[in-house]
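One structure is given here, and the rest of the page talks about it.
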Amino acid sequence: MIDKQILGQYSAALTSTNQKVKTFEFLGCQVNRHELTADVKIRQFRDTITTAARDPRSLGIIVQNPIPDRDLAIGLEEIPPRLDIDGINKTNIFKASATSEAISRLVLNFTQSGDRVAVVGSMGFVGKGVVQLLKRQNIESIELDTILSQRS
């Protein structure tokens, strides 16, 4: 039986992926979507990324989380920083993911230095980026998932 939390993460990932594809296509970009199965091997994962990275038409690469196997994260090194739209690679030149950046920019329109903002999901990929970017603007984050997980 599949863990409900994992199932929820994959469901959210599918929704996120579909939205990204829809947005990029609306902007006139050709999207080459590669869906890999949960039992994908490291070599296939790396080959998919490497092929996209070497294609001169590639303007960006997004790897949707959650990645089913931690060993696959090694393949993320194959994403050149200039193509790493979501900031998933540790060598990324961006401060945070594009989604984190967008959320923090929205928040900054309604806050000022010294304000406090609740960030639900601050332990996740996007939430960590939001907390980091807000901190740079002297906006304090109340990390609700940390508080909730301590109660459990």
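Residues in the structure tokens are named by chain (A, B, ... in the order shown) and by number from 1 within that chain; ligands are numbered from 1 in the order shown.
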Near-Thr48 (chain A) list (12 Å; only C-alpha atoms; drop same-chain fewer than 2 positions) as a PDB file with C-alpha atoms, in the first residue's frame:
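Result file follows (result.pdb):
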ATOM      1  CA  ASN A  32       9.355  18.559 -24.190  1.00  0.00           C
ATOM      2  CA  ARG A  33       7.917  16.702 -21.234  1.00  0.00           C
ATOM      3  CA  HIS A  34       9.617  13.496 -20.156  1.00  0.00           C
ATOM      4  CA  GLU A  35       7.695  11.410 -17.650  1.00  0.00           C
ATOM      5  CA  LEU A  36       9.861   8.783 -16.027  1.00  0.00           C
ATOM      6  CA  VAL A  40      13.752   4.753 -13.378  1.00  0.00           C
ATOM      7  CA  LYS A  41      17.438   3.867 -13.280  1.00  0.00           C
ATOM      8  CA  ILE A  42      20.133   6.459 -12.561  1.00  0.00           C
ATOM      9  CA  ARG A  43      21.614   6.100 -16.051  1.00  0.00           C
ATOM     10  CA  GLN A  44      18.272   6.773 -17.776  1.00  0.00           C
ATOM     11  CA  PHE A  45      17.647   9.752 -15.485  1.00  0.00           C
ATOM     12  CA  ARG A  46      21.102  11.205 -16.239  1.00  0.00           C
ATOM     13  CA  THR A  50      22.149  15.300 -20.399  1.00  0.00           C
ATOM     14  CA  THR A  51      20.260  15.097 -23.693  1.00  0.00           C
ATOM     15  CA  ALA A  52      18.148  18.122 -22.752  1.00  0.00           C
ATOM     16  CA  ALA A  53      21.209  20.028 -21.515  1.00  0.00           C
ATOM     17  CA  ARG A  54      23.089  19.446 -24.774  1.00  0.00           C
ATOM     18  CA  ASP A  55      20.173  20.461 -26.987  1.00  0.00           C
ATOM     19  CA  ILE A  61      15.222  22.253 -17.450  1.00  0.00           C
ATOM     20  CA  ILE A  62      12.781  21.524 -14.648  1.00  0.00           C
ATOM     21  CA  VAL A  63      12.910  18.346 -12.569  1.00  0.00           C
ATOM     22  CA  LEU A  72      18.740   9.954  -8.602  1.00  0.00           C
ATOM     23  CA  GLY A  75      21.888  13.155 -11.834  1.00  0.00           C
ATOM     24  CA  LEU A  76      20.912  16.724 -11.007  1.00  0.00           C
ATOM     25  CA  GLU A  78      24.117  17.260 -15.104  1.00  0.00           C
ATOM     26  CA  ILE A  79      21.860  20.329 -15.244  1.00  0.00           C
TER      27      ILE A  79
END
inquiry  = Ranking A:Asn89, A:Thr99, A:Gln64, A:Ser141 by minimum distance to Thr15 (chain A) and counting only C-alpha atoms, which one comes first?
reply    =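 Counting only C-alpha atoms, the residue closest to Thr15 (chain A) is A:Gln64.
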message = If I take CA of Glu143 (chain A) and CA of Val119 (chain A), how far is one from the other in Å, to one decimal?
response =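 Between these atoms lies a distance of 5.2 Å.
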message = Give me, as a list in words, all polymer residues having an atom no more than 12 Å from Asn109 (chain A), counting only C-alpha atoms and skipping those fewer than 6 positions away in the same chain.
response =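 The residues that qualify are Ala102, Ile103, Asp115, Leu134, Gln137 and Ile139 of chain A.
Candidate residues A:Val131, A:Leu83, A:Ile74, A:Val31 were compared for distance to Asn18 (chain A), and the nearest is A:Val31, using only C-alpha atoms.
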message = When DSSP is applied to the backbone of this structure, which of region 75-131 of chain A are assigned strand (DSSP E)? Write them out as a ChimeraX atom specification.
response = /A:116-119
inquiry  = When DSSP is applied to the backbone of this structure, which of chain A are assigned alpha helix (DSSP H)? Write them out as a ChimeraX atom specification.
reply    = /A:4-26,42-54,98-108,125-136,144-151
Point-to-point distance in Å for CA of Gly124 (chain A) and CA of Ile88 (chain A) =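 Result for CA of Ile88 (chain A) versus CA of Gly124 (chain A): 12.0 Å, one decimal.
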